[in-house]
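Novice: Sharing entry-v8.tsv (TSV, N, CA, C and O atoms) below.
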```
chain	number	residue	atom	x	y	z
D	1	MET	N	15.12	-4.77	-0.09
D	1	MET	CA	13.91	-4.13	-0.59
D	1	MET	C	12.70	-4.97	-0.21
D	1	MET	O	12.78	-6.19	-0.12
D	2	ALA	N	11.59	-4.34	-0.02
D	2	ALA	CA	10.35	-5.01	0.36
D	2	ALA	C	9.80	-5.85	-0.79
D	2	ALA	O	10.12	-5.63	-1.95
D	3	SER	N	8.99	-6.81	-0.43
D	3	SER	CA	8.34	-7.67	-1.42
D	3	SER	C	7.36	-6.86	-2.25
D	3	SER	O	6.79	-5.88	-1.77
D	4	PRO	N	7.10	-7.30	-3.48
D	4	PRO	CA	6.15	-6.58	-4.33
D	4	PRO	C	4.74	-6.57	-3.72
D	4	PRO	O	4.34	-7.49	-3.03
D	5	MET	N	4.03	-5.49	-4.02
D	5	MET	CA	2.62	-5.41	-3.62
D	5	MET	C	1.81	-6.24	-4.59
D	5	MET	O	2.16	-6.36	-5.76
D	6	ARG	N	0.72	-6.80	-4.11
D	6	ARG	CA	-0.23	-7.47	-4.98
D	6	ARG	C	-1.36	-6.48	-5.23
D	6	ARG	O	-2.06	-6.09	-4.31
D	7	ILE	N	-1.48	-6.05	-6.48
D	7	ILE	CA	-2.48	-5.04	-6.84
D	7	ILE	C	-3.44	-5.63	-7.86
D	7	ILE	O	-3.01	-6.21	-8.86
D	8	ARG	N	-4.72	-5.45	-7.60
D	8	ARG	CA	-5.74	-5.86	-8.55
D	8	ARG	C	-6.66	-4.67	-8.78
D	8	ARG	O	-7.17	-4.09	-7.83
D	9	ALA	N	-6.85	-4.31	-10.04
D	9	ALA	CA	-7.72	-3.18	-10.39
D	9	ALA	C	-8.59	-3.61	-11.56
D	9	ALA	O	-8.08	-3.94	-12.63
D	10	THR	N	-9.91	-3.62	-11.34
D	10	THR	CA	-10.84	-4.02	-12.38
D	10	THR	C	-11.92	-2.95	-12.54
D	10	THR	O	-12.37	-2.37	-11.56
D	11	GLU	N	-12.31	-2.72	-13.80
D	11	GLU	CA	-13.32	-1.71	-14.11
D	11	GLU	C	-14.62	-2.40	-14.49
D	11	GLU	O	-14.64	-3.38	-15.23
D	12	LYS	N	-15.73	-1.88	-13.95
D	12	LYS	CA	-17.06	-2.37	-14.32
D	12	LYS	C	-18.03	-1.21	-14.19
D	12	LYS	O	-18.08	-0.56	-13.15
D	13	ASP	N	-18.75	-0.94	-15.26
D	13	ASP	CA	-19.76	0.13	-15.28
D	13	ASP	C	-19.20	1.49	-14.87
D	13	ASP	O	-19.84	2.25	-14.16
D	14	GLY	N	-17.96	1.79	-15.27
D	14	GLY	CA	-17.35	3.08	-14.99
D	14	GLY	C	-16.74	3.23	-13.62
D	14	GLY	O	-16.24	4.29	-13.27
D	15	VAL	N	-16.76	2.16	-12.81
D	15	VAL	CA	-16.18	2.19	-11.47
D	15	VAL	C	-15.01	1.21	-11.43
D	15	VAL	O	-15.15	0.04	-11.81
D	16	VAL	N	-13.85	1.69	-10.98
D	16	VAL	CA	-12.67	0.84	-10.86
D	16	VAL	C	-12.55	0.39	-9.41
D	16	VAL	O	-12.50	1.20	-8.49
D	17	ASP	N	-12.51	-0.92	-9.22
D	17	ASP	CA	-12.38	-1.54	-7.91
D	17	ASP	C	-10.90	-1.88	-7.72
D	17	ASP	O	-10.34	-2.64	-8.51
D	18	VAL	N	-10.28	-1.29	-6.68
D	18	VAL	CA	-8.84	-1.47	-6.45
D	18	VAL	C	-8.61	-2.20	-5.14
D	18	VAL	O	-9.19	-1.85	-4.11
D	19	ARG	N	-7.78	-3.24	-5.19
D	19	ARG	CA	-7.39	-3.99	-4.00
D	19	ARG	C	-5.86	-4.08	-3.98
D	19	ARG	O	-5.26	-4.43	-4.99
D	20	VAL	N	-5.28	-3.75	-2.83
D	20	VAL	CA	-3.82	-3.73	-2.71
D	20	VAL	C	-3.41	-4.45	-1.42
D	20	VAL	O	-3.90	-4.12	-0.35
D	21	LEU	N	-2.51	-5.41	-1.55
D	21	LEU	CA	-1.92	-6.08	-0.39
D	21	LEU	C	-0.45	-5.70	-0.35
D	21	LEU	O	0.31	-5.98	-1.27
D	22	MET	N	-0.06	-5.01	0.73
D	22	MET	CA	1.31	-4.54	0.90
D	22	MET	C	2.03	-5.42	1.91
D	22	MET	O	1.52	-5.64	3.00
D	23	LYS	N	3.21	-5.93	1.55
D	23	LYS	CA	4.00	-6.75	2.47
D	23	LYS	C	4.90	-5.83	3.29
D	23	LYS	O	5.79	-5.17	2.76
D	24	HIS	N	4.62	-5.75	4.60
D	24	HIS	CA	5.43	-4.93	5.50
D	24	HIS	C	5.19	-5.39	6.93
D	24	HIS	O	4.06	-5.68	7.31
D	25	ASP	N	6.25	-5.45	7.75
D	25	ASP	CA	6.13	-5.96	9.13
D	25	ASP	C	5.33	-5.05	10.05
D	25	ASP	O	4.70	-5.52	11.00
D	26	MET	N	5.35	-3.74	9.83
D	26	MET	CA	4.54	-2.80	10.60
D	26	MET	C	4.75	-2.94	12.11
D	26	MET	O	3.81	-3.14	12.88
D	27	ASP	N	5.99	-2.83	12.56
D	27	ASP	CA	6.29	-2.91	13.99
D	27	ASP	C	5.87	-1.64	14.72
D	27	ASP	O	6.16	-0.53	14.28
D	28	THR	N	5.24	-1.81	15.89
D	28	THR	CA	4.69	-0.68	16.65
D	28	THR	C	5.73	0.03	17.50
D	28	THR	O	5.51	1.16	17.94
D	29	GLY	N	6.83	-0.64	17.82
D	29	GLY	CA	7.82	-0.07	18.73
D	29	GLY	C	7.54	-0.47	20.17
D	29	GLY	O	8.24	-0.02	21.09
D	30	GLN	N	6.54	-1.31	20.39
D	30	GLN	CA	6.19	-1.74	21.75
D	30	GLN	C	6.51	-3.20	22.02
D	30	GLN	O	6.45	-3.64	23.16
D	31	ARG	N	6.84	-3.97	20.97
D	31	ARG	CA	7.18	-5.39	21.17
D	31	ARG	C	8.65	-5.52	21.54
D	31	ARG	O	9.47	-4.66	21.22
D	32	LYS	N	8.96	-6.63	22.21
D	32	LYS	CA	10.35	-6.91	22.60
D	32	LYS	C	10.85	-8.12	21.85
D	32	LYS	O	10.10	-9.04	21.53
D	33	ASN	N	12.17	-8.13	21.60
D	33	ASN	CA	12.78	-9.29	20.96
D	33	ASN	C	13.10	-10.36	22.01
D	33	ASN	O	12.77	-10.20	23.19
D	34	SER	N	13.76	-11.43	21.61
D	34	SER	CA	14.04	-12.54	22.52
D	34	SER	C	14.99	-12.13	23.65
D	34	SER	O	15.05	-12.81	24.68
D	35	GLU	N	15.73	-11.03	23.50
D	35	GLU	CA	16.64	-10.55	24.54
D	35	GLU	C	15.96	-9.54	25.46
D	35	GLU	O	16.60	-8.99	26.36
D	36	GLY	N	14.70	-9.24	25.22
D	36	GLY	CA	13.96	-8.31	26.06
D	36	GLY	C	14.11	-6.85	25.66
D	36	GLY	O	13.62	-5.96	26.36
D	37	LYS	N	14.76	-6.59	24.54
D	37	LYS	CA	14.93	-5.21	24.07
D	37	LYS	C	13.79	-4.85	23.13
D	37	LYS	O	13.32	-5.68	22.36
D	38	LEU	N	13.38	-3.57	23.19
D	38	LEU	CA	12.31	-3.11	22.31
D	38	LEU	C	12.73	-3.15	20.84
D	38	LEU	O	13.84	-2.76	20.49
D	39	ILE	N	11.81	-3.62	20.02
D	39	ILE	CA	12.01	-3.59	18.57
D	39	ILE	C	11.59	-2.19	18.11
D	39	ILE	O	10.46	-1.77	18.38
D	40	PRO	N	12.45	-1.44	17.44
D	40	PRO	CA	12.10	-0.08	17.03
D	40	PRO	C	10.87	-0.04	16.11
D	40	PRO	O	10.62	-0.97	15.35
D	41	ALA	N	10.12	1.04	16.22
D	41	ALA	CA	8.95	1.22	15.37
D	41	ALA	C	9.38	1.26	13.90
D	41	ALA	O	10.39	1.87	13.56
D	42	TRP	N	8.62	0.57	13.06
D	42	TRP	CA	8.90	0.52	11.63
D	42	TRP	C	7.57	0.27	10.93
D	42	TRP	O	7.02	-0.82	11.02
D	43	PHE	N	7.02	1.30	10.31
D	43	PHE	CA	5.68	1.19	9.73
D	43	PHE	C	5.55	2.07	8.50
D	43	PHE	O	6.27	3.05	8.34
D	44	ILE	N	4.60	1.70	7.64
D	44	ILE	CA	4.28	2.53	6.48
D	44	ILE	C	3.64	3.81	6.98
D	44	ILE	O	2.74	3.77	7.82
D	45	SER	N	4.11	4.95	6.49
D	45	SER	CA	3.55	6.22	6.94
D	45	SER	C	2.63	6.86	5.89
D	45	SER	O	1.65	7.49	6.26
D	46	THR	N	2.93	6.70	4.60
D	46	THR	CA	2.07	7.27	3.57
D	46	THR	C	1.89	6.29	2.42
D	46	THR	O	2.80	5.51	2.09
D	47	VAL	N	0.72	6.36	1.80
D	47	VAL	CA	0.40	5.55	0.63
D	47	VAL	C	-0.25	6.48	-0.40
D	47	VAL	O	-1.09	7.31	-0.04
D	48	GLU	N	0.17	6.35	-1.65
D	48	GLU	CA	-0.41	7.13	-2.74
D	48	GLU	C	-0.71	6.20	-3.91
D	48	GLU	O	0.08	5.31	-4.21
D	49	ALA	N	-1.84	6.44	-4.57
D	49	ALA	CA	-2.17	5.74	-5.80
D	49	ALA	C	-2.37	6.79	-6.89
D	49	ALA	O	-3.03	7.81	-6.65
D	50	LYS	N	-1.79	6.52	-8.05
D	50	LYS	CA	-1.90	7.45	-9.17
D	50	LYS	C	-2.33	6.72	-10.43
D	50	LYS	O	-1.96	5.56	-10.64
D	51	VAL	N	-3.09	7.42	-11.23
D	51	VAL	CA	-3.40	6.98	-12.59
D	51	VAL	C	-2.75	8.02	-13.49
D	51	VAL	O	-3.14	9.18	-13.47
D	52	GLY	N	-1.72	7.60	-14.19
D	52	GLY	CA	-0.90	8.57	-14.93
D	52	GLY	C	-0.18	9.45	-13.92
D	52	GLY	O	0.42	8.96	-12.98
D	53	ASP	N	-0.31	10.77	-14.07
D	53	ASP	CA	0.30	11.71	-13.13
D	53	ASP	C	-0.70	12.21	-12.09
D	53	ASP	O	-0.35	13.02	-11.23
D	54	LYS	N	-1.93	11.75	-12.15
D	54	LYS	CA	-2.98	12.24	-11.27
D	54	LYS	C	-3.11	11.35	-10.02
D	54	LYS	O	-3.36	10.14	-10.13
D	55	MET	N	-2.95	11.96	-8.84
D	55	MET	CA	-3.14	11.21	-7.61
D	55	MET	C	-4.64	10.97	-7.41
D	55	MET	O	-5.43	11.91	-7.41
D	56	VAL	N	-5.02	9.69	-7.22
D	56	VAL	CA	-6.42	9.34	-7.07
D	56	VAL	C	-6.74	8.82	-5.67
D	56	VAL	O	-7.91	8.66	-5.32
D	57	TYR	N	-5.71	8.54	-4.87
D	57	TYR	CA	-5.91	8.04	-3.51
D	57	TYR	C	-4.68	8.38	-2.68
D	57	TYR	O	-3.56	8.22	-3.14
D	58	GLY	N	-4.90	8.82	-1.46
D	58	GLY	CA	-3.80	9.09	-0.55
D	58	GLY	C	-4.20	8.73	0.87
D	58	GLY	O	-5.37	8.89	1.24
D	59	ALA	N	-3.26	8.20	1.64
D	59	ALA	CA	-3.56	7.82	3.02
D	59	ALA	C	-2.31	7.99	3.88
D	59	ALA	O	-1.19	7.90	3.37
D	60	GLN	N	-2.54	8.23	5.17
D	60	GLN	CA	-1.47	8.28	6.15
D	60	GLN	C	-1.70	7.13	7.13
D	60	GLN	O	-2.80	6.98	7.66
D	61	PHE	N	-0.67	6.33	7.34
D	61	PHE	CA	-0.74	5.21	8.26
D	61	PHE	C	0.07	5.53	9.50
D	61	PHE	O	0.84	6.48	9.53
D	62	GLY	N	-0.07	4.70	10.51
D	62	GLY	CA	0.69	4.83	11.74
D	62	GLY	C	1.00	3.45	12.30
D	62	GLY	O	0.72	2.43	11.66
D	63	PRO	N	1.55	3.38	13.51
D	63	PRO	CA	1.96	2.10	14.07
D	63	PRO	C	0.79	1.18	14.44
D	63	PRO	O	1.00	0.01	14.69
D	64	ALA	N	-0.43	1.67	14.44
D	64	ALA	CA	-1.58	0.84	14.81
D	64	ALA	C	-2.10	-0.01	13.65
D	64	ALA	O	-2.96	-0.85	13.85
D	65	VAL	N	-1.59	0.19	12.44
D	65	VAL	CA	-2.02	-0.59	11.29
D	65	VAL	C	-1.34	-1.96	11.33
D	65	VAL	O	-0.15	-2.07	11.64
D	66	SER	N	-2.10	-3.00	11.02
D	66	SER	CA	-1.60	-4.37	11.15
D	66	SER	C	-0.53	-4.70	10.11
D	66	SER	O	-0.38	-4.03	9.10
D	67	LYS	N	0.16	-5.80	10.38
D	67	LYS	CA	1.18	-6.33	9.46
D	67	LYS	C	0.53	-6.64	8.11
D	67	LYS	O	-0.61	-7.07	8.05
D	68	ASP	N	1.27	-6.41	7.04
D	68	ASP	CA	0.82	-6.65	5.67
D	68	ASP	C	-0.54	-6.00	5.40
D	68	ASP	O	-1.55	-6.66	5.15
D	69	PRO	N	-0.60	-4.65	5.42
D	69	PRO	CA	-1.87	-3.94	5.25
D	69	PRO	C	-2.56	-4.25	3.92
D	69	PRO	O	-1.91	-4.46	2.89
D	70	PHE	N	-3.88	-4.26	3.97
D	70	PHE	CA	-4.72	-4.48	2.79
D	70	PHE	C	-5.61	-3.26	2.60
D	70	PHE	O	-6.26	-2.81	3.54
D	71	LEU	N	-5.60	-2.70	1.39
D	71	LEU	CA	-6.46	-1.56	1.04
D	71	LEU	C	-7.48	-1.99	0.00
D	71	LEU	O	-7.15	-2.77	-0.91
D	72	HIS	N	-8.67	-1.44	0.11
D	72	HIS	CA	-9.71	-1.65	-0.88
D	72	HIS	C	-10.42	-0.32	-1.07
D	72	HIS	O	-10.94	0.24	-0.11
D	73	PHE	N	-10.39	0.21	-2.28
D	73	PHE	CA	-11.08	1.47	-2.56
D	73	PHE	C	-11.60	1.44	-3.99
D	73	PHE	O	-11.19	0.60	-4.80
D	74	LYS	N	-12.52	2.36	-4.28
D	74	LYS	CA	-13.12	2.43	-5.62
D	74	LYS	C	-12.92	3.82	-6.20
D	74	LYS	O	-12.91	4.80	-5.48
D	75	LEU	N	-12.76	3.85	-7.52
D	75	LEU	CA	-12.57	5.10	-8.25
D	75	LEU	C	-13.67	5.23	-9.29
D	75	LEU	O	-13.99	4.27	-9.98
D	76	LYS	N	-14.24	6.42	-9.39
D	76	LYS	CA	-15.26	6.66	-10.40
D	76	LYS	C	-14.88	7.89	-11.20
D	76	LYS	O	-14.64	8.96	-10.64
D	77	GLY	N	-14.76	7.72	-12.51
D	77	GLY	CA	-14.50	8.84	-13.40
D	77	GLY	C	-13.05	9.24	-13.54
D	77	GLY	O	-12.73	10.11	-14.33
D	78	SER	N	-12.15	8.63	-12.78
D	78	SER	CA	-10.74	9.05	-12.85
D	78	SER	C	-9.84	7.99	-13.49
D	78	SER	O	-8.65	8.21	-13.63
D	79	ALA	N	-10.42	6.85	-13.86
D	79	ALA	CA	-9.62	5.79	-14.46
D	79	ALA	C	-10.52	4.92	-15.34
D	79	ALA	O	-11.73	4.89	-15.17
D	80	LYS	N	-9.87	4.21	-16.28
D	80	LYS	CA	-10.62	3.32	-17.17
D	80	LYS	C	-9.74	2.12	-17.53
D	80	LYS	O	-8.55	2.10	-17.22
D	81	LYS	N	-10.36	1.14	-18.17
D	81	LYS	CA	-9.62	-0.05	-18.60
D	81	LYS	C	-8.42	0.36	-19.45
D	81	LYS	O	-8.52	1.27	-20.28
D	82	GLY	N	-7.29	-0.30	-19.21
D	82	GLY	CA	-6.09	-0.02	-19.98
D	82	GLY	C	-5.17	1.00	-19.34
D	82	GLY	O	-3.99	1.06	-19.67
D	83	ASP	N	-5.69	1.83	-18.43
D	83	ASP	CA	-4.84	2.79	-17.72
D	83	ASP	C	-3.90	2.05	-16.78
D	83	ASP	O	-4.18	0.94	-16.33
D	84	THR	N	-2.79	2.70	-16.44
D	84	THR	CA	-1.85	2.14	-15.49
D	84	THR	C	-2.07	2.77	-14.12
D	84	THR	O	-2.07	3.99	-13.98
D	85	LEU	N	-2.26	1.92	-13.11
D	85	LEU	CA	-2.41	2.35	-11.73
D	85	LEU	C	-1.08	2.11	-11.02
D	85	LEU	O	-0.55	1.00	-11.06
D	86	THR	N	-0.54	3.15	-10.40
D	86	THR	CA	0.72	3.07	-9.68
D	86	THR	C	0.47	3.31	-8.20
D	86	THR	O	-0.15	4.29	-7.83
D	87	VAL	N	0.95	2.39	-7.34
D	87	VAL	CA	0.79	2.52	-5.90
D	87	VAL	C	2.18	2.62	-5.28
D	87	VAL	O	3.06	1.81	-5.58
D	88	THR	N	2.37	3.62	-4.40
D	88	THR	CA	3.65	3.85	-3.74
D	88	THR	C	3.43	4.00	-2.25
D	88	THR	O	2.50	4.69	-1.83
D	89	TRP	N	4.26	3.34	-1.44
D	89	TRP	CA	4.25	3.60	-0.01
D	89	TRP	C	5.63	4.04	0.44
D	89	TRP	O	6.64	3.73	-0.19
D	90	VAL	N	5.65	4.82	1.54
D	90	VAL	CA	6.89	5.27	2.17
D	90	VAL	C	6.75	4.96	3.65
D	90	VAL	O	5.70	5.21	4.25
D	91	ASP	N	7.80	4.38	4.26
D	91	ASP	CA	7.70	4.08	5.69
D	91	ASP	C	8.50	5.09	6.51
D	91	ASP	O	9.11	6.01	5.97
D	92	ASN	N	8.46	4.92	7.83
D	92	ASN	CA	9.09	5.90	8.72
D	92	ASN	C	10.61	5.84	8.68
D	92	ASN	O	11.27	6.68	9.30
D	93	LYS	N	11.19	4.88	7.97
D	93	LYS	CA	12.64	4.84	7.77
D	93	LYS	C	13.00	5.36	6.37
D	93	LYS	O	14.11	5.17	5.91
D	94	ASN	N	12.03	5.98	5.70
D	94	ASN	CA	12.17	6.51	4.34
D	94	ASN	C	12.46	5.44	3.29
D	94	ASN	O	12.97	5.75	2.22
D	95	GLU	N	12.14	4.19	3.60
D	95	GLU	CA	12.18	3.16	2.57
D	95	GLU	C	10.90	3.29	1.77
D	95	GLU	O	9.87	3.72	2.28
D	96	THR	N	10.95	2.94	0.50
D	96	THR	CA	9.80	3.11	-0.36
D	96	THR	C	9.63	1.91	-1.26
D	96	THR	O	10.57	1.17	-1.53
D	97	ARG	N	8.41	1.72	-1.72
D	97	ARG	CA	8.11	0.66	-2.66
D	97	ARG	C	7.07	1.18	-3.64
D	97	ARG	O	6.08	1.83	-3.23
D	98	THR	N	7.26	0.96	-4.93
D	98	THR	CA	6.31	1.35	-5.96
D	98	THR	C	6.04	0.16	-6.86
D	98	THR	O	6.98	-0.50	-7.31
D	99	ASP	N	4.77	-0.10	-7.11
D	99	ASP	CA	4.38	-1.16	-8.03
D	99	ASP	C	3.25	-0.65	-8.91
D	99	ASP	O	2.53	0.29	-8.54
D	100	LYS	N	3.12	-1.27	-10.09
D	100	LYS	CA	2.13	-0.83	-11.07
D	100	LYS	C	1.31	-2.03	-11.55
D	100	LYS	O	1.78	-3.16	-11.52
D	101	THR	N	0.12	-1.71	-12.03
D	101	THR	CA	-0.72	-2.71	-12.70
D	101	THR	C	-1.58	-2.01	-13.73
D	101	THR	O	-1.85	-0.82	-13.63
D	102	GLU	N	-2.01	-2.78	-14.72
D	102	GLU	CA	-2.94	-2.26	-15.71
D	102	GLU	C	-4.36	-2.52	-15.24
D	102	GLU	O	-4.67	-3.60	-14.74
D	103	ILE	N	-5.22	-1.52	-15.38
D	103	ILE	CA	-6.62	-1.69	-15.00
D	103	ILE	C	-7.27	-2.58	-16.04
D	103	ILE	O	-7.20	-2.32	-17.23
D	104	LYS	N	-7.92	-3.62	-15.58
D	104	LYS	CA	-8.53	-4.60	-16.49
D	104	LYS	C	-10.03	-4.45	-16.54
D	104	LYS	O	-10.65	-4.01	-15.64
```
For this file, produce the structure as structure tokens.

Specialist:
Amino acid sequence: MASPMRIRATEKDGVVDVRVLMKHDMDTGQRKNSEGKLIPAWFISTVEAKVGDKMVYGAQFGPAVSKDPFLHFKLKGSAKKGDTLTVTWVDNKNETRTDKTEIK
């Protein structure tokens, strides 16, 4: 299983500032290993953030996104201090990772 995401969510003046660091190799499928064989593509394809059951952020990634992607986005009116923010990613091998944090 993949390493946990580092999620920070802080609220100030009604705006929640969200920062997410996802640990993932994000291979493009164009690099070669030490034997000269191509390393198969392996990358995060979708990311979703939810507060409760409400999706507040969604993104589609591809092989051009760098290793260990970092997201930064802001929410206004859809979250507040004490709410739980859940972030989930799915990669092209259908592996998934979900982590949660409390908005501070």

Novice: Between D:Ile39, D:Lys74, D:Ala2, D:Gly62, which is the closest to Met22 in chain D once you count only C-alpha atoms?

Specialist: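 The shortest atom-to-atom distance to Met22 in chain D comes from D:Ala2.
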
Novice: Just checking: using all atoms listed in the file, which residue out of D:Asp91, D:Asp83, D:Asp25, D:Asp13 ends up closest to Ile44 in chain D?

Specialist: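 Smallest distance to Ile44 in chain D is found for D:Asp91.
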
Novice: Do you know which residues are at most 8 Å from Thr28 in chain D counting only C-alpha atoms, after dropping those on the same chain fewer than 6 positions away, and could you put them as a ChimeraX atom specification?

Specialist: /D:40-43,63-64

Novice: Please measure the separation of atom N of Asn92 in chain D and atom O of Ala59 in chain D, giving the value in Å to one decimal.

Specialist: 11.0 Å

Novice: Tell me which residues come within 6 Å of (-3.3, 0.2, -11.2), as a short mmCIF file (atom, residue, chain, number, x, y, z; two decimals) with N, CA, C and O atoms, keeping the file's coordinate frame, counting only C-alpha atoms in the file's coordinates.

Specialist:
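Here's the written file result_27.cif:
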```cif
data_model
loop_
_atom_site.label_atom_id
_atom_site.label_comp_id
_atom_site.auth_asym_id
_atom_site.auth_seq_id
_atom_site.Cartn_x
_atom_site.Cartn_y
_atom_site.Cartn_z
N ALA D 9 -6.85 -4.31 -10.04
CA ALA D 9 -7.72 -3.18 -10.39
C ALA D 9 -8.59 -3.61 -11.56
O ALA D 9 -8.08 -3.94 -12.63
N THR D 84 -2.79 2.70 -16.44
CA THR D 84 -1.85 2.14 -15.49
C THR D 84 -2.07 2.77 -14.12
O THR D 84 -2.07 3.99 -13.98
N LEU D 85 -2.26 1.92 -13.11
CA LEU D 85 -2.41 2.35 -11.73
C LEU D 85 -1.08 2.11 -11.02
O LEU D 85 -0.55 1.00 -11.06
N THR D 86 -0.54 3.15 -10.40
CA THR D 86 0.72 3.07 -9.68
C THR D 86 0.47 3.31 -8.20
O THR D 86 -0.15 4.29 -7.83
N LYS D 100 3.12 -1.27 -10.09
CA LYS D 100 2.13 -0.83 -11.07
C LYS D 100 1.31 -2.03 -11.55
O LYS D 100 1.78 -3.16 -11.52
N THR D 101 0.12 -1.71 -12.03
CA THR D 101 -0.72 -2.71 -12.70
C THR D 101 -1.58 -2.01 -13.73
O THR D 101 -1.85 -0.82 -13.63
N GLU D 102 -2.01 -2.78 -14.72
CA GLU D 102 -2.94 -2.26 -15.71
C GLU D 102 -4.36 -2.52 -15.24
O GLU D 102 -4.67 -3.60 -14.74
N ILE D 103 -5.22 -1.52 -15.38
CA ILE D 103 -6.62 -1.69 -15.00
C ILE D 103 -7.27 -2.58 -16.04
O ILE D 103 -7.20 -2.32 -17.23
#
```

Novice: With distances taken over all atoms listed in the file, which of D:Leu71, D:Leu38, D:Val90, D:Val47 is nearest to Ile7 in chain D?

Specialist: D:Leu71

Novice: Report the distance between CA of Arg97 in chain D and CA of Pro4 in chain D in Å, rounded to one decimal place.

Specialist: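 That distance, rounded to one decimal, is 7.7 Å.
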
Novice: Box along x, y and z, 6 Å on every side, all listed atoms of range 56-68 of chain D inside: centre and edge lengths in Å to one decimal, as lines of an AutoDock Vina configuration file.

Specialist:
```
center_x = -3.0
center_y = 1.3
center_z = 3.8
size_x = 21.9
size_y = 28.8
size_z = 34.0
```

Novice: Could you tell me which of D:Lys80, D:Lys50, D:Lys93, D:His72 comes closest to Val18 in chain D if we count all atoms listed in the file?

Specialist: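 With all atoms listed in the file as the atom set, the closest residue is D:His72.
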
Novice: Calculate how many Å separate CA of Gln60 in chain D from CA of Arg6 in chain D, rounding to one decimal.

Specialist: 19.3 Å

Novice: Within 12 Å of (-18.0, -1.7, -10.8) (coordinates as in the file), grab all the protein and nucleic acid residues, counting only C-alpha atoms, and write them out as a short mmCIF file (atom, residue, chain, number, x, y, z; two decimals) with N, CA, C and O atoms, in the coordinates of the input.

Specialist:
```cif
data_model
loop_
_atom_site.label_atom_id
_atom_site.label_comp_id
_atom_site.auth_asym_id
_atom_site.auth_seq_id
_atom_site.Cartn_x
_atom_site.Cartn_y
_atom_site.Cartn_z
N ALA D 9 -6.85 -4.31 -10.04
CA ALA D 9 -7.72 -3.18 -10.39
C ALA D 9 -8.59 -3.61 -11.56
O ALA D 9 -8.08 -3.94 -12.63
N THR D 10 -9.91 -3.62 -11.34
CA THR D 10 -10.84 -4.02 -12.38
C THR D 10 -11.92 -2.95 -12.54
O THR D 10 -12.37 -2.37 -11.56
N GLU D 11 -12.31 -2.72 -13.80
CA GLU D 11 -13.32 -1.71 -14.11
C GLU D 11 -14.62 -2.40 -14.49
O GLU D 11 -14.64 -3.38 -15.23
N LYS D 12 -15.73 -1.88 -13.95
CA LYS D 12 -17.06 -2.37 -14.32
C LYS D 12 -18.03 -1.21 -14.19
O LYS D 12 -18.08 -0.56 -13.15
N ASP D 13 -18.75 -0.94 -15.26
CA ASP D 13 -19.76 0.13 -15.28
C ASP D 13 -19.20 1.49 -14.87
O ASP D 13 -19.84 2.25 -14.16
N GLY D 14 -17.96 1.79 -15.27
CA GLY D 14 -17.35 3.08 -14.99
C GLY D 14 -16.74 3.23 -13.62
O GLY D 14 -16.24 4.29 -13.27
N VAL D 15 -16.76 2.16 -12.81
CA VAL D 15 -16.18 2.19 -11.47
C VAL D 15 -15.01 1.21 -11.43
O VAL D 15 -15.15 0.04 -11.81
N VAL D 16 -13.85 1.69 -10.98
CA VAL D 16 -12.67 0.84 -10.86
C VAL D 16 -12.55 0.39 -9.41
O VAL D 16 -12.50 1.20 -8.49
N ASP D 17 -12.51 -0.92 -9.22
CA ASP D 17 -12.38 -1.54 -7.91
C ASP D 17 -10.90 -1.88 -7.72
O ASP D 17 -10.34 -2.64 -8.51
N VAL D 18 -10.28 -1.29 -6.68
CA VAL D 18 -8.84 -1.47 -6.45
C VAL D 18 -8.61 -2.20 -5.14
O VAL D 18 -9.19 -1.85 -4.11
N PHE D 73 -10.39 0.21 -2.28
CA PHE D 73 -11.08 1.47 -2.56
C PHE D 73 -11.60 1.44 -3.99
O PHE D 73 -11.19 0.60 -4.80
N LYS D 74 -12.52 2.36 -4.28
CA LYS D 74 -13.12 2.43 -5.62
C LYS D 74 -12.92 3.82 -6.20
O LYS D 74 -12.91 4.80 -5.48
N LEU D 75 -12.76 3.85 -7.52
CA LEU D 75 -12.57 5.10 -8.25
C LEU D 75 -13.67 5.23 -9.29
O LEU D 75 -13.99 4.27 -9.98
N LYS D 76 -14.24 6.42 -9.39
CA LYS D 76 -15.26 6.66 -10.40
C LYS D 76 -14.88 7.89 -11.20
O LYS D 76 -14.64 8.96 -10.64
N GLY D 77 -14.76 7.72 -12.51
CA GLY D 77 -14.50 8.84 -13.40
C GLY D 77 -13.05 9.24 -13.54
O GLY D 77 -12.73 10.11 -14.33
N ALA D 79 -10.42 6.85 -13.86
CA ALA D 79 -9.62 5.79 -14.46
C ALA D 79 -10.52 4.92 -15.34
O ALA D 79 -11.73 4.89 -15.17
N LYS D 80 -9.87 4.21 -16.28
CA LYS D 80 -10.62 3.32 -17.17
C LYS D 80 -9.74 2.12 -17.53
O LYS D 80 -8.55 2.10 -17.22
N LYS D 81 -10.36 1.14 -18.17
CA LYS D 81 -9.62 -0.05 -18.60
C LYS D 81 -8.42 0.36 -19.45
O LYS D 81 -8.52 1.27 -20.28
N LYS D 104 -7.92 -3.62 -15.58
CA LYS D 104 -8.53 -4.60 -16.49
C LYS D 104 -10.03 -4.45 -16.54
O LYS D 104 -10.65 -4.01 -15.64
#
```
